[in-house]
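run.tsv (TSV, C-alpha atoms and all ligand atoms) appears below.
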```
chain	number	residue	atom	x	y	z
A	1	MET	CA	-151.80	208.03	-49.61
A	2	GLY	CA	-153.17	209.16	-46.26
A	3	ARG	CA	-156.76	209.67	-45.24
A	4	LYS	CA	-158.32	212.94	-46.48
A	5	THR	CA	-159.46	215.14	-43.61
A	6	THR	CA	-160.58	218.77	-43.54
A	7	VAL	CA	-159.78	221.25	-40.78
A	8	SER	CA	-162.12	224.27	-40.76
A	9	LEU	CA	-161.72	227.22	-38.43
A	10	ILE	CA	-164.59	229.69	-38.72
A	11	LYS	CA	-164.84	232.71	-36.41
A	12	CYS	CA	-167.14	235.60	-35.73
A	13	ASP	CA	-167.74	238.43	-33.27
A	14	VAL	CA	-171.43	238.22	-32.37
A	15	GLY	CA	-171.25	240.49	-29.34
A	16	SER	CA	-169.27	240.64	-26.14
A	17	LEU	CA	-169.29	241.41	-22.46
A	18	ALA	CA	-168.34	244.90	-21.34
A	19	GLY	CA	-167.55	246.50	-24.69
A	20	HIS	CA	-165.17	244.46	-26.84
A	21	HIS	CA	-163.58	242.56	-23.95
A	22	VAL	CA	-164.61	238.90	-24.00
A	23	VAL	CA	-167.21	236.35	-25.21
A	24	PRO	CA	-169.26	235.37	-22.14
A	25	LYS	CA	-170.06	231.77	-21.22
A	26	PRO	CA	-173.76	231.69	-22.33
A	27	ILE	CA	-172.66	232.53	-25.89
A	28	LEU	CA	-169.92	229.89	-25.91
A	29	ASN	CA	-172.43	227.35	-24.54
A	30	ILE	CA	-174.68	227.87	-27.58
A	31	ALA	CA	-171.73	227.13	-29.88
A	32	GLU	CA	-170.79	224.03	-27.84
A	33	LYS	CA	-174.35	222.67	-28.05
A	34	ARG	CA	-174.65	223.25	-31.80
A	35	MET	CA	-171.27	221.60	-32.41
A	36	GLU	CA	-172.13	218.62	-30.19
A	37	LYS	CA	-175.38	218.13	-32.13
A	38	ALA	CA	-173.55	218.30	-35.47
A	39	LYS	CA	-171.06	215.73	-34.20
A	40	LYS	CA	-173.87	213.36	-33.12
A	41	LYS	CA	-175.45	213.73	-36.57
A	42	GLY	CA	-172.10	212.82	-38.17
A	43	LEU	CA	-171.66	216.14	-39.97
A	44	ILE	CA	-168.37	216.80	-38.14
A	45	ASN	CA	-166.03	214.29	-36.48
A	46	SER	CA	-164.71	216.52	-33.71
A	47	PHE	CA	-164.63	220.15	-32.67
A	48	TYR	CA	-163.18	222.65	-30.22
A	49	VAL	CA	-164.93	225.89	-29.30
A	50	PHE	CA	-162.88	228.72	-27.82
A	51	ASN	CA	-162.68	232.49	-27.87
A	52	VAL	CA	-160.01	235.11	-28.30
A	53	GLY	CA	-161.33	238.34	-26.82
A	54	ASP	CA	-164.69	239.07	-28.43
A	55	ASP	CA	-164.41	236.44	-31.18
A	56	ILE	CA	-166.02	232.96	-31.05
A	57	GLU	CA	-163.80	230.41	-32.77
A	58	LEU	CA	-165.30	227.17	-34.14
A	59	LEU	CA	-162.61	224.60	-34.89
A	60	MET	CA	-164.22	221.71	-36.80
A	61	VAL	CA	-162.63	218.55	-38.21
A	62	HIS	CA	-164.65	216.66	-40.84
A	63	ASP	CA	-164.64	214.77	-44.16
A	64	LYS	CA	-166.55	217.25	-46.32
A	65	GLY	CA	-163.71	219.23	-47.93
A	66	GLU	CA	-163.17	222.99	-48.09
A	67	LEU	CA	-165.95	225.51	-48.76
A	68	ASN	CA	-168.58	222.87	-47.98
A	69	GLU	CA	-172.10	224.27	-47.79
A	70	GLU	CA	-173.24	222.10	-44.85
A	71	ILE	CA	-170.21	222.99	-42.73
A	72	HIS	CA	-170.48	226.70	-43.52
A	73	ARG	CA	-174.22	226.65	-42.86
A	74	LEU	CA	-173.57	225.01	-39.49
A	75	ALA	CA	-171.19	227.87	-38.59
A	76	TRP	CA	-173.55	230.54	-39.94
A	77	GLU	CA	-176.56	229.21	-38.01
A	78	THR	CA	-174.46	228.83	-34.86
A	79	PHE	CA	-173.38	232.48	-35.09
A	80	GLN	CA	-176.96	233.58	-35.76
A	81	GLU	CA	-178.29	231.77	-32.68
A	82	ALA	CA	-175.40	233.18	-30.63
A	83	ALA	CA	-176.09	236.68	-31.95
A	84	ASN	CA	-179.77	236.37	-30.97
A	85	LYS	CA	-178.73	235.42	-27.45
A	86	ALA	CA	-176.27	238.35	-27.43
A	87	LYS	CA	-179.10	240.69	-28.44
A	88	LYS	CA	-181.29	239.36	-25.59
A	89	LEU	CA	-178.46	239.93	-23.13
A	90	LYS	CA	-177.87	243.36	-24.72
A	91	LEU	CA	-174.21	242.51	-25.13
A	92	TYR	CA	-172.07	245.05	-26.89
A	93	GLY	CA	-171.95	244.89	-30.70
A	94	ALA	CA	-174.51	242.06	-30.81
A	95	GLY	CA	-174.43	240.52	-34.31
A	96	GLN	CA	-171.73	242.97	-35.46
A	97	ASP	CA	-169.83	240.66	-37.83
A	98	LEU	CA	-172.96	239.18	-39.46
A	99	LEU	CA	-172.98	241.67	-42.30
A	100	LYS	CA	-175.55	239.99	-44.55
A	101	ASP	CA	-178.98	238.53	-43.77
A	102	ALA	CA	-179.08	235.54	-46.10
A	103	PHE	CA	-176.75	232.55	-46.26
A	104	THR	CA	-175.46	232.04	-49.81
A	105	GLY	CA	-173.64	228.69	-49.76
A	106	THR	CA	-170.52	229.68	-47.83
A	107	VAL	CA	-169.75	232.29	-45.15
A	108	SER	CA	-167.24	233.98	-47.49
A	109	GLY	CA	-168.18	237.63	-47.93
A	110	LEU	CA	-170.85	237.47	-45.20
A	111	GLY	CA	-168.63	238.66	-42.33
A	112	PRO	CA	-167.26	235.60	-40.46
A	113	GLY	CA	-163.58	234.75	-41.05
A	114	VAL	CA	-162.63	231.30	-42.35
A	115	ALA	CA	-159.40	229.34	-42.69
A	116	GLU	CA	-159.67	225.82	-44.10
A	117	MET	CA	-157.30	223.10	-45.16
A	118	GLU	CA	-157.98	219.66	-46.62
A	119	ILE	CA	-155.03	217.43	-45.83
A	120	GLU	CA	-153.90	213.92	-46.51
A	121	GLU	CA	-153.06	212.75	-43.02
A	122	ARG	CA	-149.40	211.98	-42.49
A	123	GLU	CA	-148.33	209.27	-40.06
A	124	SER	CA	-148.40	211.90	-37.34
A	125	GLU	CA	-150.18	215.17	-38.04
A	126	PRO	CA	-149.36	218.03	-35.64
A	127	ILE	CA	-151.37	221.20	-36.31
A	128	ILE	CA	-150.95	224.69	-34.87
A	129	ILE	CA	-153.89	227.08	-34.74
A	130	LEU	CA	-153.25	230.81	-34.47
A	131	ALA	CA	-156.07	233.22	-33.63
A	132	ALA	CA	-155.84	236.98	-33.09
A	133	ASP	CA	-158.10	239.64	-31.62
A	134	LYS	CA	-157.89	243.42	-32.30
A	135	ALA	CA	-155.73	242.90	-35.36
A	136	ALA	CA	-156.18	243.35	-39.10
A	137	THR	CA	-155.83	240.46	-41.54
A	138	GLY	CA	-152.10	240.89	-42.26
A	139	VAL	CA	-151.02	240.25	-38.64
A	140	PHE	CA	-149.63	236.80	-39.55
A	141	ASN	CA	-147.55	237.98	-42.54
A	142	LEU	CA	-144.38	238.55	-40.51
A	143	PRO	CA	-144.48	235.34	-38.42
A	144	LEU	CA	-145.48	233.16	-41.42
A	145	PHE	CA	-142.60	234.60	-43.45
A	146	LYS	CA	-140.19	233.84	-40.63
A	147	MET	CA	-141.51	230.28	-40.16
A	148	PHE	CA	-141.39	229.24	-43.84
A	149	ALA	CA	-138.72	231.48	-45.44
A	150	ASP	CA	-136.23	232.77	-42.86
A	151	PRO	CA	-133.31	230.40	-42.18
A	152	MET	CA	-132.40	232.55	-39.16
A	153	ASN	CA	-135.74	231.46	-37.61
A	154	THR	CA	-136.27	227.99	-39.02
A	155	ALA	CA	-133.24	225.74	-38.77
A	156	GLY	CA	-135.01	223.14	-40.91
A	157	LEU	CA	-134.61	225.37	-43.99
A	158	VAL	CA	-130.87	224.76	-43.65
A	159	ILE	CA	-130.70	221.36	-41.95
A	160	ASP	CA	-133.68	219.30	-43.19
A	161	PRO	CA	-133.21	217.98	-46.77
A	162	ALA	CA	-137.02	217.81	-47.13
A	163	MET	CA	-137.25	221.61	-46.78
A	164	ILE	CA	-134.30	222.66	-48.91
A	165	GLY	CA	-136.54	223.11	-51.97
A	166	GLY	CA	-138.32	226.01	-50.24
A	167	PHE	CA	-141.96	227.02	-49.99
A	168	LYS	CA	-144.54	228.73	-52.21
A	169	PHE	CA	-146.62	231.58	-50.81
A	170	GLU	CA	-150.03	232.61	-52.11
A	171	VAL	CA	-150.46	236.34	-51.47
A	172	THR	CA	-153.93	237.88	-51.69
A	173	ASP	CA	-154.40	241.54	-52.59
A	174	ILE	CA	-157.48	242.24	-50.46
A	175	ALA	CA	-158.06	245.65	-52.06
A	176	GLU	CA	-158.28	244.25	-55.61
A	177	ASN	CA	-159.41	240.70	-54.70
A	178	LYS	CA	-156.52	239.16	-56.67
A	179	LYS	CA	-153.88	236.57	-55.77
A	180	ILE	CA	-150.33	235.69	-56.80
A	181	VAL	CA	-147.98	232.80	-55.91
A	182	LEU	CA	-144.33	233.57	-55.12
A	183	LYS	CA	-141.62	230.98	-54.49
A	184	CYS	CA	-138.97	231.24	-51.78
A	185	PRO	CA	-136.02	231.48	-51.61
A	186	GLU	CA	-135.89	232.61	-55.29
A	187	GLU	CA	-138.51	235.40	-54.98
A	188	MET	CA	-137.99	236.22	-51.31
A	189	TYR	CA	-137.26	239.91	-51.80
A	190	GLU	CA	-140.31	240.40	-54.01
A	191	LEU	CA	-142.42	238.53	-51.44
A	192	VAL	CA	-141.25	240.84	-48.64
A	193	ALA	CA	-141.91	243.87	-50.86
A	194	LEU	CA	-145.56	242.83	-51.07
A	195	ILE	CA	-146.34	241.34	-47.65
A	196	GLY	CA	-144.60	244.22	-45.85
A	197	GLU	CA	-147.73	246.18	-46.79
A	198	VAL	CA	-149.80	244.30	-44.22
A	199	LYS	CA	-153.02	246.25	-44.74
A	200	ARG	CA	-153.24	245.15	-48.37
A	201	TYR	CA	-151.20	242.03	-49.19
A	202	VAL	CA	-151.89	238.98	-47.02
A	203	ILE	CA	-150.29	235.52	-47.05
A	204	SER	CA	-153.32	233.29	-47.61
A	205	ARG	CA	-151.75	229.86	-48.31
A	206	ILE	CA	-148.34	228.17	-48.19
A	207	TRP	CA	-147.22	224.94	-49.91
A	208	ARG	CA	-143.98	222.97	-49.80
A	209	ALA	CA	-142.46	223.65	-53.23
A	210	GLU	CA	-141.13	220.18	-54.08
A	211	ASP	CA	-144.47	218.35	-53.78
A	212	ASN	CA	-147.13	221.06	-53.30
A	213	LEU	CA	-147.95	219.75	-49.82
A	214	ILE	CA	-150.33	222.27	-48.22
A	215	CYS	CA	-148.69	223.75	-45.10
A	216	ALA	CA	-150.70	226.78	-44.03
A	217	SER	CA	-154.02	228.50	-44.62
A	218	THR	CA	-155.23	231.83	-43.19
A	219	SER	CA	-158.48	233.79	-43.13
A	220	ILE	CA	-158.41	236.85	-45.38
A	221	THR	CA	-161.74	238.47	-44.55
A	222	SER	CA	-161.57	242.24	-44.63
A	223	LEU	CA	-164.70	243.50	-42.91
A	224	THR	CA	-164.13	247.04	-44.12
A	225	HIS	CA	-164.01	245.92	-47.74
A	226	ILE	CA	-167.25	243.91	-47.32
A	227	ALA	CA	-169.21	246.57	-45.53
A	228	GLY	CA	-167.75	249.69	-47.19
A	229	ARG	CA	-167.44	251.24	-43.76
A	230	TYR	CA	-165.66	250.46	-40.53
A	231	VAL	CA	-167.54	247.68	-38.71
A	232	GLY	CA	-164.93	245.82	-36.70
A	233	LYS	CA	-161.50	244.29	-36.63
A	234	ASP	CA	-160.79	241.37	-38.96
A	235	ASP	CA	-159.17	239.34	-36.17
A	236	PRO	CA	-157.80	236.59	-38.42
A	237	VAL	CA	-157.06	232.90	-37.83
A	238	ALA	CA	-154.50	230.52	-39.33
A	239	ILE	CA	-154.02	226.74	-39.60
A	240	ILE	CA	-150.42	225.54	-39.87
A	241	ARG	CA	-149.02	222.00	-40.23
A	242	ALA	CA	-145.82	221.18	-38.38
A	243	GLN	CA	-142.89	218.74	-38.26
A	244	HIS	CA	-141.56	216.03	-40.59
A	245	GLY	CA	-140.36	218.09	-43.56
A	246	LEU	CA	-142.16	221.22	-42.35
A	247	PRO	CA	-141.19	223.77	-39.67
A	248	ALA	CA	-141.06	222.19	-36.20
A	249	VAL	CA	-143.61	223.37	-33.61
A	250	GLY	CA	-140.80	225.29	-31.90
A	251	GLU	CA	-139.87	227.00	-35.19
A	252	ILE	CA	-143.53	228.01	-35.66
A	253	LEU	CA	-143.58	229.53	-32.16
A	254	THR	CA	-140.18	231.27	-32.28
A	255	PRO	CA	-141.39	234.38	-34.21
A	256	PHE	CA	-143.54	235.14	-31.13
A	257	MET	CA	-140.49	235.40	-28.86
A	258	HIS	CA	-140.72	239.15	-29.61
A	259	SER	CA	-143.66	241.51	-29.90
A	260	TYR	CA	-144.23	243.35	-33.21
A	261	LEU	CA	-146.74	245.87	-34.49
A	262	ALA	CA	-150.07	245.07	-36.13
A	263	ALA	CA	-152.80	247.32	-37.50
A	264	GLY	CA	-156.01	247.18	-35.48
A	265	TRP	CA	-156.33	247.84	-31.74
A	266	MET	CA	-158.71	250.63	-30.64
A	267	ARG	CA	-161.46	251.18	-33.23
A	268	GLY	CA	-159.32	249.32	-35.78
A	269	SER	CA	-157.42	252.56	-36.34
A	270	HIS	CA	-154.07	252.19	-34.56
A	271	TRP	CA	-150.80	250.32	-34.71
A	272	GLY	CA	-150.62	248.05	-31.70
A	273	PRO	CA	-148.00	245.61	-30.39
A	274	VAL	CA	-149.12	241.98	-30.38
A	275	MET	CA	-149.14	240.03	-27.12
A	276	PRO	CA	-148.90	236.22	-27.28
A	277	VAL	CA	-151.19	234.94	-24.50
A	278	SER	CA	-152.84	231.82	-23.08
A	279	LEU	CA	-156.57	231.24	-23.60
A	280	ARG	CA	-157.00	232.43	-20.01
A	281	ASP	CA	-155.54	235.86	-20.91
A	282	ALA	CA	-157.16	236.13	-24.34
A	283	LYS	CA	-159.25	239.16	-23.40
A	284	CYS	CA	-158.64	242.78	-24.28
A	285	THR	CA	-158.33	245.66	-21.84
A	286	ILE	CA	-155.82	248.51	-22.36
A	287	PHE	CA	-157.06	250.72	-25.23
A	288	ASP	CA	-159.19	247.66	-26.16
A	289	GLY	CA	-156.04	245.57	-26.47
A	290	PRO	CA	-153.19	245.26	-26.83
A	291	PRO	CA	-153.84	242.90	-29.80
A	292	ARG	CA	-153.75	239.32	-28.48
A	293	ILE	CA	-152.70	236.13	-30.23
A	294	VAL	CA	-153.23	232.57	-28.99
A	295	ALA	CA	-151.54	229.44	-30.35
A	296	LEU	CA	-153.15	226.02	-29.88
A	297	GLY	CA	-151.47	222.72	-30.64
A	298	LEU	CA	-153.31	219.51	-31.54
A	299	GLN	CA	-152.90	216.26	-33.44
A	300	ILE	CA	-155.21	215.04	-36.20
A	301	ALA	CA	-155.73	211.27	-36.30
A	302	ASP	CA	-158.24	209.28	-38.41
A	303	GLY	CA	-160.33	212.35	-39.25
A	304	LYS	CA	-160.52	213.65	-35.68
A	305	ILE	CA	-158.66	215.76	-33.15
A	306	SER	CA	-156.80	213.21	-30.98
A	307	GLY	CA	-158.75	212.98	-27.72
A	308	ASP	CA	-158.62	211.65	-24.18
A	309	GLU	CA	-160.48	208.60	-22.75
A	310	GLU	CA	-163.78	210.52	-22.96
A	311	ASN	CA	-163.01	211.63	-26.51
A	312	LYS	CA	-162.47	215.25	-25.44
A	313	PRO	CA	-159.96	216.89	-27.80
A	314	LEU	CA	-156.41	217.18	-26.47
A	315	ILE	CA	-155.43	220.83	-26.88
A	316	ALA	CA	-152.06	222.38	-25.96
A	317	ASP	CA	-152.32	226.07	-24.99
A	318	LEU	CA	-148.87	226.92	-26.37
A	319	PHE	CA	-148.46	230.53	-25.23
A	320	ASP	CA	-149.34	229.51	-21.65
A	321	ASP	CA	-145.62	229.52	-20.98
A	322	PRO	CA	-143.09	231.79	-19.24
A	323	ALA	CA	-140.98	231.54	-22.42
A	324	PHE	CA	-143.23	234.26	-23.88
A	325	GLU	CA	-142.84	236.64	-20.91
A	326	LEU	CA	-140.25	238.68	-22.82
A	327	ALA	CA	-142.66	239.27	-25.73
A	328	ARG	CA	-145.41	240.22	-23.27
A	329	ARG	CA	-143.05	242.62	-21.50
A	330	GLU	CA	-141.95	244.17	-24.83
A	331	CYS	CA	-145.61	244.48	-25.81
A	332	LEU	CA	-146.35	246.52	-22.68
A	333	GLU	CA	-143.34	248.75	-23.24
A	334	TYR	CA	-144.41	249.43	-26.86
A	335	THR	CA	-147.97	249.99	-25.60
A	336	VAL	CA	-146.81	252.74	-23.24
A	337	MET	CA	-144.70	254.35	-25.96
A	338	LEU	CA	-147.43	254.31	-28.61
A	339	ARG	CA	-150.21	255.51	-26.31
A	340	ARG	CA	-148.07	258.43	-25.18
A	341	MET	CA	-148.42	259.65	-28.79
A	342	GLY	CA	-152.24	259.70	-28.66
A	343	GLU	CA	-153.77	260.45	-32.04
A	344	PHE	CA	-150.51	261.41	-33.75
A	345	GLU	CA	-149.09	259.26	-36.55
A	346	PRO	CA	-147.61	256.71	-36.65
A	347	ALA	CA	-149.49	255.61	-33.49
A	348	ARG	CA	-152.68	256.21	-35.45
A	349	LEU	CA	-153.03	254.59	-38.90
A	350	SER	CA	-152.38	256.89	-41.86
A	351	SER	CA	-155.40	258.64	-43.41
A	352	GLU	CA	-155.62	256.25	-46.39
A	353	HIS	CA	-156.63	253.52	-43.93
A	354	MET	CA	-159.02	255.82	-42.07
A	355	GLU	CA	-161.37	256.47	-44.97
A	356	TYR	CA	-164.35	254.83	-43.24
A	357	THR	CA	-163.96	256.78	-40.01
A	358	ALA	CA	-164.81	260.28	-38.78
A	359	ILE	CA	-161.41	261.55	-40.02
A	360	ALA	CA	-162.69	261.56	-43.63
A	361	GLN	CA	-165.84	263.38	-42.45
A	362	ILE	CA	-163.78	266.03	-40.67
A	363	ILE	CA	-161.69	266.65	-43.80
A	364	GLY	CA	-164.92	266.82	-45.85
A	365	LYS	CA	-166.54	269.24	-43.40
A	366	PHE	CA	-163.67	271.70	-43.70
A	367	LYS	CA	-163.34	271.37	-47.48
A	368	ASP	CA	-164.58	274.91	-48.14
A	369	ARG	CA	-162.67	276.48	-45.25
A	370	PHE	CA	-159.34	275.39	-46.70
A	371	THR	CA	-158.01	278.20	-48.91
A	372	LEU	CA	-154.94	278.42	-51.12
A	373	LYS	CA	-151.83	279.32	-49.16
A	374	SER	CA	-151.10	282.21	-51.60
A	375	GLU	CA	-154.53	283.88	-50.91
A	376	LYS	CA	-154.89	286.51	-48.20
B	401	MG	MG	-162.51	240.80	-32.21
```
Could you render the structure from this file as C-alpha cells?
Ligand SMILES: [Mg+2]
Amino acid sequence: MGRKTTVSLIKCDVGSLAGHHVVPKPILNIAEKRMEKAKKKGLINSFYVFNVGDDIELLMVHDKGELNEEIHRLAWETFQEAANKAKKLKLYGAGQDLLKDAFTGTVSGLGPGVAEMEIEERESEPIIILAADKAATGVFNLPLFKMFADPMNTAGLVIDPAMIGGFKFEVTDIAENKKIVLKCPEEMYELVALIGEVKRYVISRIWRAEDNLICASTSITSLTHIAGRYVGKDDPVAIIRAQHGLPAVGEILTPFMHSYLAAGWMRGSHWGPVMPVSLRDAKCTIFDGPPRIVALGLQIADGKISGDEENKPLIADLFDDPAFELARRECLEYTVMLRRMGEFEPARLSSEHMEYTAIAQIIGKFKDRFTLKSEK
C-alpha cells in the first residue's frame, strides 16, 4: 500500500488584463504568497500557481483528502483577496466567477472549478494536468475517451496486459445533476452516445476496471447552471495519472495532435477549435480565443510535487513543443472558416444553449409580432 496523497486543482477567473486576455502578475503574486504561507503552516505540502488566459489555477498537493474544508477555504480566500486586488486595479470582470458571498464548506457550487484526486502513490507517480480557457466543461470528453477507450490512440489497451480489462467512466449529467458509470469496452457505444453531447454529459472520473484504481478526475462546474444566467466560460481542468498499467504520457498527449471543436469561445456562445499551447501562449486574442489548452507534467513523490535543489516543483510544459504545430495550424484554419460564418449556425451555438443571452430576449420581444403563416 502506497502513501495516500491528494492532488487538488482549484481554478477561478477573478478578473483579467485587457478584457478576458490574461491574469496579470500582481494577481498571480497574491496567489503565490497565500500558497507559500499555507505551505509554511503545513496545510499543503507543495503547490504550483499558473494561469491559462484569464483563469488562476491553484495546484495543491496535500494529505487532507478530497473536498477538505481547510483546502477549499484556502482556495476561496485566495480568490477573494485576488478579486479585491482586481477590483482595485479595475481589471475586467473583477470577481466574476465568485458567484456566492459566503463560503459553505467547499467551493462546489460557489463558482470556482475543482478537480481532485486522492491517490495511493505508486513507485513512480507521473501526473498530467490539463487546463482550458474559453471552453465549456465537456471539452475533455473527446480526448479522455481517446486516451482510455480508443485502441487506435492508446496502444496500451492492446499491448499492456494491465489495461486489457478496460476502464470505467463516470459521466455527469450537468443539467440534471446526476451521474452514471459506464464500462469500456463493453459499453463503449453507449458511452459515446452520451459524451458526444458535450454541453450536457461530462466525463467526471475514470477508474481502471480490474482494481478500481483512480485514473482521472475533471472539474464539472457549469457556471450557467449555478448562476441561472450567462456569467462566464467554465474553463475546466483535469488531473490524469499516467504510465505503468495506465495510458503512457505520450498516449495522453496524442489526442491533441489535431485540433477539434469545443463550445465556448466568444461570450461562451460559439463553437471554437482548441489550440494546445505552452504556458507562454496561454492567453486569448482572436475572438477572445481560440480556446486554449495547456498540459503540464509532474511527478508526485512522498506527498509532494518532485522538486529541484531549492524545492521548487519540477513542471514539464508539455505543449511547448513543435510536435503540436500541426494542431495549432489546423486550429487557425478552422478559426478562419468558422469566423467567416459570423453569427450563423453552426458557428454560433444552437438556441437551446443560448437561453441566458440576448437571443432569448430578442425572441421574447418579437413574440407578439410573429403571426400565423396562414393569416394575411
Ligand atoms: Mg476563462
**OP:** Please extract the residues at most 6 Å from ligand MG 401 (chain B), counting only C-alpha atoms and all ligand atoms, and provide them as JSON, numbers by chain, using the chain letters and residue numbers of this document.
**Re:** {"A": [13, 54, 55, 133, 134, 233, 235]}
With C-alpha atoms kept, could you save the residues just selected as a PDB file, in the coordinates of the input?
```
ATOM      1  CA  ASP A  13    -167.740 238.430 -33.270  1.00  0.00           C
ATOM      2  CA  ASP A  54    -164.690 239.070 -28.430  1.00  0.00           C
ATOM      3  CA  ASP A  55    -164.410 236.440 -31.180  1.00  0.00           C
ATOM      4  CA  ASP A 133    -158.100 239.640 -31.620  1.00  0.00           C
ATOM      5  CA  LYS A 134    -157.890 243.420 -32.300  1.00  0.00           C
ATOM      6  CA  LYS A 233    -161.500 244.290 -36.630  1.00  0.00           C
ATOM      7  CA  ASP A 235    -159.170 239.340 -36.170  1.00  0.00           C
TER       8      ASP A 235
END
```
**OP:** Counting only C-alpha atoms, figure out which residue out of A:Ala102, A:Thr285, A:Ala248, A:Ile27 gets nearest to Lys88 (chain A).
**Re:** A:Ile27
**OP:** Mind giving me the straight-line distance from CA of Val198 (chain A) to CA of Cys215 (chain A) in Å, one decimal?
**Re:**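 Answer for the CA of Val198 (chain A) to CA of Cys215 (chain A) separation: 20.6 Å.
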Subject >> Shortest interatomic distance to Pro313 (chain A) - which of A:Val49, A:Ala83, A:Met354, A:Met266, counting all atoms listed in the file >> reply: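 When distances to Pro313 (chain A) are compared using all atoms listed in the file, the smallest one comes from A:Val49.
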**OP:** Tell me, as number ranges by chain, which residues lie within 12 Å of Gln96 (chain A), counting only C-alpha atoms; anything in the same chain fewer than 3 positions away does not count.
**Re:** A: 12-16, 20, 54-55, 79-80, 82-84, 86-87, 91-93, 99-101, 110-112, 223, 227, 230-234
